[in-house]
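The next block is final_2.cif, given as mmCIF, C-alpha atoms.
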```cif
data_my_file
loop_
_atom_site.label_atom_id
_atom_site.label_comp_id
_atom_site.auth_asym_id
_atom_site.auth_seq_id
_atom_site.Cartn_x
_atom_site.Cartn_y
_atom_site.Cartn_z
CA MET R 498 -23.67 53.89 -21.54
CA GLN R 499 -20.26 54.93 -20.18
CA ILE R 500 -18.21 52.43 -18.13
CA THR R 501 -16.05 54.15 -15.54
CA ASP R 502 -12.49 53.13 -14.81
CA THR R 503 -13.58 51.83 -11.42
CA GLN R 504 -16.18 49.64 -13.06
CA LYS R 505 -13.52 48.16 -15.35
CA THR R 506 -11.40 47.00 -12.39
CA THR R 507 -11.75 43.29 -11.67
CA THR R 508 -8.68 42.65 -9.57
CA VAL R 509 -8.45 42.41 -5.79
CA PRO R 510 -5.28 43.06 -3.82
CA ASP R 511 -3.02 40.00 -3.48
CA GLU R 512 0.16 39.34 -1.58
CA PRO R 513 3.03 38.35 -3.84
CA LEU R 514 4.16 34.74 -3.72
CA ILE R 515 7.79 34.88 -2.60
CA ILE R 516 9.84 31.68 -2.50
CA GLY R 517 13.57 31.69 -1.86
CA GLY R 518 13.61 35.46 -2.24
CA ARG R 519 12.08 35.31 -5.74
CA GLU R 520 8.67 36.72 -6.58
CA ILE R 521 6.60 34.20 -8.53
CA LYS R 522 3.94 35.72 -10.77
CA ASN R 523 2.41 32.55 -12.20
CA ARG R 524 1.17 30.22 -9.48
CA PHE R 525 0.90 27.36 -11.95
CA PHE R 526 4.12 25.33 -11.88
CA LEU R 527 4.82 22.88 -14.68
CA GLY R 528 6.53 19.49 -14.63
CA THR R 529 8.48 18.74 -17.80
CA GLY R 530 8.40 14.94 -17.69
CA LYS R 531 6.64 12.59 -20.15
CA SER R 532 6.45 15.16 -22.93
CA LYS R 533 6.36 13.87 -26.50
CA SER R 534 9.03 16.32 -27.59
CA LYS R 535 11.24 19.01 -26.13
CA ASP R 536 9.66 21.62 -28.46
CA GLU R 537 6.38 20.81 -26.78
CA VAL R 538 7.91 21.74 -23.43
CA THR R 539 8.87 25.16 -24.80
CA ALA R 540 5.39 25.70 -26.21
CA CYS R 541 3.83 24.84 -22.85
CA ILE R 542 6.05 27.27 -21.00
CA VAL R 543 6.00 30.29 -23.28
CA GLN R 544 2.34 31.11 -23.90
CA PRO R 545 1.05 31.15 -20.31
CA GLY R 546 4.34 32.57 -19.02
CA ILE R 547 5.31 29.77 -16.68
CA ASP R 548 7.72 30.93 -13.96
CA VAL R 549 8.72 27.61 -12.38
CA VAL R 550 9.35 24.20 -13.96
CA THR R 551 10.61 20.95 -12.55
CA VAL R 552 13.33 18.84 -14.14
CA ALA R 553 15.05 15.62 -13.11
CA LEU R 554 18.71 14.61 -12.96
CA ARG R 555 19.89 11.44 -14.69
CA ARG R 556 22.99 9.76 -16.03
CA ILE R 557 23.75 11.13 -19.48
CA ASP R 558 22.93 8.59 -22.20
CA LEU R 559 26.38 8.30 -23.73
CA GLU R 560 25.09 6.29 -26.71
CA ARG R 561 22.38 8.68 -27.91
CA HIS R 562 23.69 12.26 -27.58
CA GLU R 563 20.30 13.86 -27.15
CA GLU R 564 19.86 17.59 -26.81
CA ASN R 565 19.63 18.79 -23.25
CA ILE R 566 16.16 19.80 -22.02
CA LEU R 567 17.64 23.02 -20.65
CA GLU R 568 18.12 24.24 -24.24
CA TYR R 569 14.31 24.25 -24.50
CA ILE R 570 13.54 26.10 -21.27
CA PRO R 571 13.74 29.93 -21.41
CA SER R 572 16.56 31.24 -19.25
CA ASN R 573 14.29 33.39 -17.09
CA VAL R 574 12.35 30.35 -15.85
CA ILE R 575 13.21 29.01 -12.39
CA LEU R 576 14.42 25.41 -12.51
CA MET R 577 13.36 23.20 -9.65
CA THR R 578 15.30 19.96 -9.86
CA ASN R 579 13.53 17.03 -8.28
CA THR R 580 15.38 14.30 -6.46
CA SER R 581 13.43 11.58 -8.26
CA GLY R 582 15.25 8.27 -8.08
CA ALA R 583 16.26 8.91 -4.46
CA ARG R 584 15.15 6.12 -2.14
CA ASN R 585 16.38 7.77 1.04
CA ALA R 586 17.63 11.08 2.38
CA ALA R 587 21.29 10.41 1.51
CA GLU R 588 20.47 9.80 -2.15
CA ALA R 589 18.27 12.91 -2.30
CA ILE R 590 21.08 14.99 -0.80
CA ARG R 591 23.54 13.64 -3.36
CA ILE R 592 21.21 14.51 -6.26
CA ALA R 593 20.61 18.01 -4.89
CA ARG R 594 24.33 18.73 -4.57
CA LEU R 595 24.95 17.48 -8.12
CA ALA R 596 22.13 19.63 -9.47
CA ARG R 597 23.44 22.75 -7.78
CA GLU R 598 26.88 22.17 -9.25
CA SER R 599 25.39 22.86 -12.70
CA GLY R 600 25.04 26.53 -11.84
CA CYS R 601 21.36 26.47 -12.75
CA GLY R 602 20.07 27.44 -9.33
CA ASN R 603 19.47 25.94 -5.93
CA TRP R 604 15.76 25.14 -5.90
CA ILE R 605 15.22 21.50 -4.97
CA LYS R 606 12.01 19.50 -4.90
CA ILE R 607 12.76 16.73 -2.42
CA GLU R 608 11.12 13.58 -3.68
CA VAL R 609 12.07 10.43 -1.78
CA ILE R 610 10.19 7.36 -2.95
CA ASN R 611 10.95 3.71 -2.36
CA ASP R 612 7.61 2.17 -3.31
CA SER R 613 7.17 1.61 -7.03
CA LYS R 614 3.45 0.77 -7.00
CA TYR R 615 2.01 3.90 -5.39
CA LEU R 616 5.04 6.25 -5.66
CA LEU R 617 4.12 7.64 -2.26
CA PRO R 618 6.82 9.84 -0.72
CA ASP R 619 8.72 8.77 2.38
CA ASN R 620 7.86 11.67 4.68
CA GLN R 621 10.49 10.86 7.31
CA GLU R 622 13.39 10.64 4.87
CA THR R 623 12.10 13.88 3.31
CA ILE R 624 12.41 15.62 6.67
CA LYS R 625 16.00 14.35 7.10
CA ALA R 626 16.98 15.55 3.62
CA THR R 627 15.34 18.93 4.22
CA GLU R 628 17.35 19.46 7.42
CA VAL R 629 20.65 18.93 5.63
CA LEU R 630 19.86 20.76 2.40
CA ALA R 631 18.22 23.80 4.00
CA ALA R 632 21.32 24.17 6.19
CA GLU R 633 23.44 24.12 3.01
CA GLY R 634 21.47 27.03 1.56
CA PHE R 635 19.19 25.20 -0.85
CA VAL R 636 15.67 26.49 -1.43
CA VAL R 637 13.88 23.32 -0.39
CA LEU R 638 10.39 22.43 -1.62
CA PRO R 639 9.60 19.03 -0.10
CA TYR R 640 6.98 16.74 -1.64
CA ILE R 641 4.97 14.84 0.98
CA SER R 642 1.83 12.96 1.82
CA PRO R 643 -0.16 15.62 3.66
CA ASP R 644 0.48 15.32 7.38
CA LEU R 645 0.38 18.21 9.86
CA TYR R 646 3.22 16.89 12.06
CA VAL R 647 5.44 16.31 9.04
CA ALA R 648 4.67 19.77 7.67
CA ARG R 649 5.56 21.39 11.00
CA ALA R 650 8.81 19.44 11.12
CA LEU R 651 9.63 20.57 7.57
CA VAL R 652 9.04 24.21 8.43
CA LYS R 653 11.26 23.81 11.50
CA ALA R 654 13.89 22.17 9.27
CA GLY R 655 13.94 25.19 6.98
CA ALA R 656 11.71 24.20 4.08
CA ALA R 657 10.72 27.13 1.86
CA THR R 658 7.34 25.58 1.09
CA VAL R 659 5.42 22.37 1.71
CA MET R 660 4.12 20.41 -1.29
CA PRO R 661 1.36 17.97 -0.30
CA LEU R 662 0.14 15.49 -2.91
CA GLY R 663 -3.43 15.77 -4.15
CA SER R 664 -3.46 12.10 -5.18
CA LEU R 665 -1.02 9.54 -6.59
CA ILE R 666 1.58 10.78 -9.07
CA GLY R 667 0.33 10.46 -12.64
CA SER R 668 -3.11 9.24 -11.58
CA ASN R 669 -5.16 12.33 -12.55
CA GLN R 670 -7.44 11.47 -9.59
CA GLY R 671 -7.63 15.06 -8.38
CA LEU R 672 -7.74 16.33 -4.82
CA LYS R 673 -8.32 13.07 -2.92
CA THR R 674 -6.48 14.49 0.07
CA LYS R 675 -8.45 17.75 0.03
CA GLU R 676 -9.39 17.85 3.71
CA LEU R 677 -5.82 17.20 4.83
CA ILE R 678 -4.53 19.88 2.46
CA LYS R 679 -7.01 22.35 3.97
CA ILE R 680 -5.51 21.67 7.40
CA LEU R 681 -2.04 22.49 6.12
CA ILE R 682 -3.31 25.68 4.43
CA ASP R 683 -4.87 26.76 7.74
CA GLU R 684 -2.01 25.80 10.05
CA ILE R 685 1.30 26.09 8.14
CA ASP R 686 2.94 29.44 7.57
CA VAL R 687 5.00 28.68 4.46
CA PRO R 688 3.43 28.49 0.99
CA ILE R 689 1.45 25.31 0.32
CA ILE R 690 1.86 24.02 -3.23
CA VAL R 691 -0.42 21.14 -4.21
CA ASP R 692 1.64 18.71 -6.24
CA ALA R 693 0.69 15.38 -7.89
CA GLY R 694 -2.57 13.95 -9.08
CA ILE R 695 -4.23 17.13 -10.35
CA GLY R 696 -5.94 15.93 -13.52
CA LEU R 697 -8.09 18.83 -14.69
CA PRO R 698 -7.85 22.62 -14.72
CA SER R 699 -10.99 22.67 -12.53
CA GLN R 700 -9.04 20.73 -9.88
CA ALA R 701 -6.21 23.24 -10.00
CA CYS R 702 -8.84 25.95 -9.64
CA GLU R 703 -10.37 24.12 -6.68
CA ALA R 704 -7.00 23.85 -4.93
CA MET R 705 -6.49 27.59 -5.33
CA GLU R 706 -10.05 28.37 -4.19
CA MET R 707 -9.22 26.46 -0.98
CA GLY R 708 -6.29 28.78 -0.39
CA ALA R 709 -3.33 26.85 -1.79
CA ASP R 710 -0.52 29.18 -2.84
CA ALA R 711 0.33 27.36 -6.08
CA VAL R 712 -0.13 24.05 -7.86
CA LEU R 713 2.27 21.80 -9.76
CA VAL R 714 1.07 19.64 -12.65
CA ASN R 715 2.93 17.33 -15.01
CA THR R 716 1.06 14.26 -16.27
CA ALA R 717 -2.26 15.98 -17.03
CA VAL R 718 -0.45 18.41 -19.37
CA ALA R 719 2.03 16.00 -20.97
CA THR R 720 -0.55 13.30 -21.71
CA ALA R 721 -3.19 15.61 -23.22
CA LEU R 722 -3.74 15.65 -26.96
CA HIS R 723 -2.85 19.36 -27.02
CA PRO R 724 -0.46 19.97 -24.12
CA ALA R 725 0.24 23.66 -24.80
CA ALA R 726 -3.47 24.47 -24.86
CA VAL R 727 -4.08 22.47 -21.70
CA CYS R 728 -1.18 24.22 -20.02
CA GLN R 729 -2.80 27.55 -20.85
CA ALA R 730 -6.09 26.24 -19.44
CA PHE R 731 -4.35 25.20 -16.21
CA SER R 732 -2.65 28.56 -15.90
CA LEU R 733 -5.96 30.42 -16.35
CA ALA R 734 -7.73 28.06 -13.94
CA THR R 735 -5.05 28.66 -11.34
CA GLN R 736 -5.51 32.42 -11.69
CA ALA R 737 -9.30 32.03 -11.52
CA GLY R 738 -9.07 29.99 -8.33
CA ARG R 739 -6.74 32.52 -6.73
CA LEU R 740 -9.07 35.40 -7.63
CA ALA R 741 -12.04 33.51 -6.20
CA TYR R 742 -10.12 32.79 -2.98
CA LEU R 743 -9.17 36.46 -2.57
CA SER R 744 -12.76 37.52 -3.22
CA ARG R 745 -13.94 35.55 -0.16
CA MET R 746 -16.83 33.68 -1.76
CA ARG R 747 -19.84 32.78 0.38
CA SER R 748 -19.94 29.13 1.42
CA ALA R 749 -22.66 26.71 0.31
CA GLN R 750 -26.09 27.19 1.96
CA SER R 751 -28.60 24.48 2.85
CA SER R 752 -31.66 26.43 1.67
CA ALA R 753 -32.47 28.70 -1.25
CA SER R 754 -31.95 32.44 -1.32
CA ALA R 755 -33.70 34.32 -4.14
CA SER R 756 -31.52 36.14 -6.63
CA SER R 757 -34.18 38.59 -7.78
CA PRO R 758 -36.20 41.05 -5.56
CA LEU R 759 -39.18 39.58 -3.65
CA THR R 760 -41.33 42.72 -4.13
CA GLY R 761 -42.91 44.47 -7.08
CA PHE R 762 -44.15 41.29 -8.72
CA LEU R 763 -46.58 41.76 -11.62
CA TYR R 764 -48.89 39.10 -10.27
CA GLU R 765 -49.50 39.99 -6.56
CA MET Q 516 43.04 1.18 -17.58
CA LYS Q 517 39.50 0.20 -16.66
CA ILE Q 518 36.87 2.50 -15.15
CA ARG Q 519 33.14 2.32 -14.48
CA LEU Q 520 31.41 5.10 -16.42
CA ASN Q 521 27.70 5.67 -15.88
CA GLY Q 522 27.31 2.13 -14.67
CA GLN Q 523 29.20 0.51 -17.55
CA ASP Q 524 32.75 -0.84 -17.61
CA LYS Q 525 35.00 1.06 -20.01
CA GLU Q 526 38.60 0.37 -21.03
CA PHE Q 527 41.12 3.02 -22.00
CA THR Q 528 44.48 2.46 -23.59
CA SER Q 529 45.95 5.80 -22.52
CA GLN Q 530 45.64 8.42 -19.81
CA ALA Q 531 42.83 10.91 -20.11
CA SER Q 532 41.76 13.99 -18.22
CA LEU Q 533 38.17 14.28 -17.03
CA LYS Q 534 37.74 17.13 -19.51
CA GLN Q 535 38.81 14.89 -22.43
CA LEU Q 536 36.52 12.12 -21.24
CA ILE Q 537 33.54 14.48 -21.05
CA GLU Q 538 34.23 16.08 -24.43
CA GLU Q 539 34.45 12.69 -26.12
CA SER Q 540 31.50 11.03 -24.42
CA CYS Q 541 29.06 13.94 -23.95
CA ARG Q 542 29.47 15.72 -27.23
CA GLY Q 543 27.72 19.10 -27.30
CA ASN Q 544 26.07 18.77 -23.88
CA LYS Q 545 26.64 22.10 -22.13
CA HIS Q 546 25.26 21.06 -18.76
CA VAL Q 547 27.35 18.09 -17.66
CA ILE Q 548 27.91 17.51 -13.97
CA ALA Q 549 30.73 15.13 -13.04
CA GLU Q 550 31.36 12.96 -10.00
CA ILE Q 551 34.37 10.68 -9.45
CA ASN Q 552 34.24 8.13 -6.65
CA GLY Q 553 31.40 10.02 -5.00
CA ALA Q 554 33.05 13.45 -5.13
CA ILE Q 555 31.67 16.23 -7.34
CA ILE Q 556 34.37 17.69 -9.57
CA LYS Q 557 33.93 21.38 -10.33
CA THR Q 558 34.05 22.41 -14.02
CA THR Q 559 37.17 24.49 -13.34
CA GLN Q 560 38.96 21.32 -12.18
CA TRP Q 561 38.08 19.07 -15.12
CA GLU Q 562 41.26 19.73 -17.08
CA GLN Q 563 43.63 18.97 -14.25
CA THR Q 564 41.70 15.94 -12.97
CA SER Q 565 42.96 12.73 -14.50
CA ILE Q 566 41.03 9.49 -14.66
CA SER Q 567 42.65 6.56 -12.82
CA ASP Q 568 42.25 2.80 -13.04
CA GLY Q 569 39.23 1.66 -11.03
CA ASP Q 570 37.54 5.07 -10.89
CA ILE Q 571 33.75 5.21 -10.71
CA VAL Q 572 32.69 8.12 -12.87
CA GLU Q 573 29.18 9.53 -13.09
CA LEU Q 574 28.30 12.09 -15.76
CA VAL Q 575 24.80 13.43 -15.18
CA SER Q 576 22.59 16.14 -16.55
CA PHE Q 577 19.01 17.36 -16.64
CA VAL Q 578 16.06 15.63 -18.26
CA GLY Q 579 12.35 16.27 -18.22
CA GLY Q 580 10.79 15.41 -14.89
CA GLY Q 581 7.79 16.15 -12.70
#
```

Would you encode the structure as structure tokens?
Amino acid sequence: MQITDTQKTTTVPDEPLIIGGREIKNRFFLGTGKSKSKDEVTACIVQPGIDVVTVALRRIDLERHEENILEYIPSNVILMTNTSGARNAAEAIRIARLARESGCGNWIKIEVINDSKYLLPDNQETIKATEVLAAEGFVVLPYISPDLYVARALVKAGAATVMPLGSLIGSNQGLKTKELIKILIDEIDVPIIVDAGIGLPSQACEAMEMGADAVLVNTAVATALHPAAVCQAFSLATQAGRLAYLSRMRSAQSSASASSPLTGFLYE
Amino acid sequence: MKIRLNGQDKEFTSQASLKQLIEESCRGNKHVIAEINGAIIKTTQWEQTSISDGDIVELVSFVGGG
């Protein structure tokens, strides 16, 4: 049997994901924290072709002289520095300005947290930081608890995307805030990137099936027995979810619908 | 001369430029970002910026993070 070229085609048209003027091919973003080694970070990035990674900014340990994580991240990868450690807008702004001074880009994940038990972001301080940093030309990707009013304020403040949490950072609980994320996907015009709490590739897939534009995962990759393999799984799952979303799948039905013809039975 | 460097008190017996301080304390790190008394000091200014008694110096760089 001959398969035609048309029959071999499995892709559907997609709009490119553009953030800060850059086209992002891989909608799976990787956090580089908690890894067992820096070589592991490289392995996670290279095979699936990660386009965007997050890093943090800290005081240099002047006693230990460790190698810099940037030496392990390919130069074509976009660095998104998070403002982890910031307890308010002013501290986030300071971290962002320091990060940009490195010459490694101007993408900033605004993360303002002053609760150490739940690590929930302070949405109001995030809005304040976004207003200042967007005006200074940063590409701002704010991390928030999903809230429609906050998301609208962030868009008005100049955020490039909105990054609602799926569940608590590091918890691997999945998409606990699914219904709120769906509202943001429906109502907000900038890309929605689900960040925090995604624990399985199937959850990343689910977020993409809902219409999220990208997902960001750290703990689930770094804490796996085989992080590079899991990273590949996440990347594939993210692609699968995007393809399913673009294919406009039929929603769940309350009754059965036969998959085989209802005529021509042998036993009529 | 006493300064506060990355949260620790440090004593120096002689004058130093910011560039010297970074080269001695951050050996081999190619991505150092420097702040003195809350002001970011551009790389091109490191050599001509001297450290003064009482300065609060922060030398930061990138680490893994989510």

Each residue of stretch 506-582 of chain R with at least one atom at most 8 Å from stretch 543-559 of chain Q should appear once, together with its nearest atom pair and the corresponding distance in Å (one decimal); atoms considered: only C-alpha atoms; ordering: chain, then increasing residue number; output as a tab-separated table.
```
residue	atom	partner	partner_atom	distance
R:His562	CA	Q:Asn544	CA	7.9
R:Glu564	CA	Q:Asn544	CA	7.0
R:Asn565	CA	Q:Asn544	CA	6.5
```

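Straight-line separation from atom CA of R:Phe525 to atom CA of R:Pro618: 21.6 Å.
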
Can you list every residue of chain R that has an atom at most 9 Å from chain Q, with its nearest atom pair and the distance in Å to one decimal, using all atoms listed in the file, ordered by chain then number, as a Markdown table?
```
| residue | atom | partner | partner_atom | distance |
| --- | --- | --- | --- | --- |
| R:Leu527 | CA | Q:Gly581 | CA | 7.6 |
| R:Gly528 | CA | Q:Gly581 | CA | 4.1 |
| R:Thr529 | CA | Q:Gly579 | CA | 4.6 |
| R:Gly530 | CA | Q:Gly580 | CA | 3.7 |
| R:Lys531 | CA | Q:Gly579 | CA | 7.1 |
| R:Ser532 | CA | Q:Gly579 | CA | 7.6 |
| R:Lys535 | CA | Q:Gly579 | CA | 8.4 |
| R:Val538 | CA | Q:Gly579 | CA | 8.8 |
| R:Val550 | CA | Q:Gly581 | CA | 8.3 |
| R:Thr551 | CA | Q:Gly581 | CA | 5.6 |
| R:Val552 | CA | Q:Gly580 | CA | 4.3 |
| R:Ala553 | CA | Q:Gly580 | CA | 4.6 |
| R:Leu554 | CA | Q:Phe577 | CA | 4.6 |
| R:Arg555 | CA | Q:Val575 | CA | 5.3 |
| R:Arg556 | CA | Q:Val575 | CA | 4.2 |
| R:Ile557 | CA | Q:Val575 | CA | 5.0 |
| R:Asp558 | CA | Q:Cys541 | CA | 8.3 |
| R:Leu559 | CA | Q:Ser540 | CA | 5.8 |
| R:Glu560 | CA | Q:Ser540 | CA | 8.3 |
| R:His562 | CA | Q:Cys541 | CA | 6.7 |
| R:Glu563 | CA | Q:Asn544 | CA | 8.3 |
| R:Glu564 | CA | Q:Asn544 | CA | 7.0 |
| R:Asn565 | CA | Q:Asn544 | CA | 6.5 |
| R:Ile566 | CA | Q:Val578 | CA | 5.6 |
| R:Leu567 | CA | Q:Phe577 | CA | 7.1 |
| R:Thr578 | CA | Q:Gly580 | CA | 8.1 |
| R:Asn579 | CA | Q:Gly581 | CA | 7.3 |
| R:Ser581 | CA | Q:Gly580 | CA | 8.1 |
| R:Arg591 | CA | Q:Gly553 | CA | 8.8 |
| R:Arg594 | CA | Q:Ile555 | CA | 8.2 |
| R:Leu595 | CA | Q:Ile548 | CA | 6.6 |
| R:Ala596 | CA | Q:Ile548 | CA | 7.6 |
| R:Glu598 | CA | Q:Ile548 | CA | 6.7 |
| R:Ser599 | CA | Q:Ile548 | CA | 6.0 |
| R:Gly600 | CA | Q:His546 | CA | 8.8 |
| R:Cys601 | CA | Q:His546 | CA | 9.0 |
| R:Ile666 | CA | Q:Gly581 | CA | 9.0 |
| R:Ala693 | CA | Q:Gly581 | CA | 8.6 |
| R:Leu713 | CA | Q:Gly581 | CA | 8.4 |
| R:Val714 | CA | Q:Gly581 | CA | 7.6 |
| R:Asn715 | CA | Q:Gly581 | CA | 5.5 |
| R:Thr716 | CA | Q:Gly581 | CA | 7.8 |
```

Check: When you draw a straight line from atom CA of R:Glu684 to atom CA of R:Leu740, how long is it in Å?
Finding: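 Answer for the atom CA of R:Glu684 to atom CA of R:Leu740 separation: 21.3 Å.
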
Take every atom of stretch 687-696 of chain R listed in the file, pad by 4 Å on each side, and give me the axis-aligned box centre and edge lengths in Å, one decimal, as lines of an AutoDock Vina configuration file.
```
center_x = -0.5
center_y = 21.3
center_z = -4.5
size_x = 18.9
size_y = 22.7
size_z = 26.0
```

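Atom CA of R:Tyr742 is found 18.9 Å from atom CA of R:Pro661.
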
Next item on the list: Let me know the residues the PyMOL selection byres ((chain Q and resi 534) around 8) catches in the file above, as a ChimeraX atom specification.
Entry: /Q:532-533,535-538,561-562,564

Given the point (3.8, 5.5, -7.6) in the file's coordinates, find the residues that have an atom at most 8 Å from it, counting only C-alpha atoms, and give them as a CSV table (one decimal) with C-alpha atoms, in the coordinates of the input.
```
chain,number,residue,atom,x,y,z
R,612,ASP,CA,7.6,2.2,-3.3
R,613,SER,CA,7.2,1.6,-7.0
R,614,LYS,CA,3.4,0.8,-7.0
R,615,TYR,CA,2.0,3.9,-5.4
R,616,LEU,CA,5.0,6.2,-5.7
R,617,LEU,CA,4.1,7.6,-2.3
R,665,LEU,CA,-1.0,9.5,-6.6
R,666,ILE,CA,1.6,10.8,-9.1
R,667,GLY,CA,0.3,10.5,-12.6
```

Checklist line | Explicit residues for the PyMOL selection byres ((chain R and resi 664) around 8) (as a ChimeraX atom specification) | finding: /R:662-663,665-666,668-674,693-695

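Every protein or nucleic acid residue with an atom no more than 12 Å from Q:Ser529, counting all atoms listed in the file and leaving out same-chain residues fewer than 6 positions away, appears here: Met516, Lys517, Gln535, Leu536, Ser565, Ile566, Ser567 and Asp568 of chain Q.
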
Check: In file coordinates, which residues lie within 12 Å of (10.6, 11.2, 8.6) using all atoms listed in the file, given as a VMD selection string?
Finding: chain R and resid 585 to 586 609 618 to 628 639 641 to 642 644 646 to 651 654

Using C-alpha atoms, can you export the residues from the last selection as a JSON list (two decimals), keeping the file's coordinate frame?
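Once everything was written out, this is result15.json:
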```json
[["chain", "number", "residue", "atom", "x", "y", "z"],
["R", 585, "ASN", "CA", 16.38, 7.77, 1.04],
["R", 586, "ALA", "CA", 17.63, 11.08, 2.38],
["R", 609, "VAL", "CA", 12.07, 10.43, -1.78],
["R", 618, "PRO", "CA", 6.82, 9.84, -0.72],
["R", 619, "ASP", "CA", 8.72, 8.77, 2.38],
["R", 620, "ASN", "CA", 7.86, 11.67, 4.68],
["R", 621, "GLN", "CA", 10.49, 10.86, 7.31],
["R", 622, "GLU", "CA", 13.39, 10.64, 4.87],
["R", 623, "THR", "CA", 12.10, 13.88, 3.31],
["R", 624, "ILE", "CA", 12.41, 15.62, 6.67],
["R", 625, "LYS", "CA", 16.00, 14.35, 7.10],
["R", 626, "ALA", "CA", 16.98, 15.55, 3.62],
["R", 627, "THR", "CA", 15.34, 18.93, 4.22],
["R", 628, "GLU", "CA", 17.35, 19.46, 7.42],
["R", 639, "PRO", "CA", 9.60, 19.03, -0.10],
["R", 641, "ILE", "CA", 4.97, 14.84, 0.98],
["R", 642, "SER", "CA", 1.83, 12.96, 1.82],
["R", 644, "ASP", "CA", 0.48, 15.32, 7.38],
["R", 646, "TYR", "CA", 3.22, 16.89, 12.06],
["R", 647, "VAL", "CA", 5.44, 16.31, 9.04],
["R", 648, "ALA", "CA", 4.67, 19.77, 7.67],
["R", 649, "ARG", "CA", 5.56, 21.39, 11.00],
["R", 650, "ALA", "CA", 8.81, 19.44, 11.12],
["R", 651, "LEU", "CA", 9.63, 20.57, 7.57],
["R", 654, "ALA", "CA", 13.89, 22.17, 9.27]]
```

Check: Which residue, R:Ala540, R:Ala711, R:Val718, R:Ile590, has the smallest gap to R:Ile521 when you use only C-alpha atoms?
Finding: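 Among the listed residues, the smallest separation from R:Ile521 belongs to R:Ala711.
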
Checklist line | Selected residue of minimal separation from R:Val687 among R:Ala593, R:Ser752, R:Ile607, R:Ile515, counting only C-alpha atoms | finding: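 Of R:Ala593, R:Ser752, R:Ile607, R:Ile515, the one nearest R:Val687 is R:Ile515, counting only C-alpha atoms.
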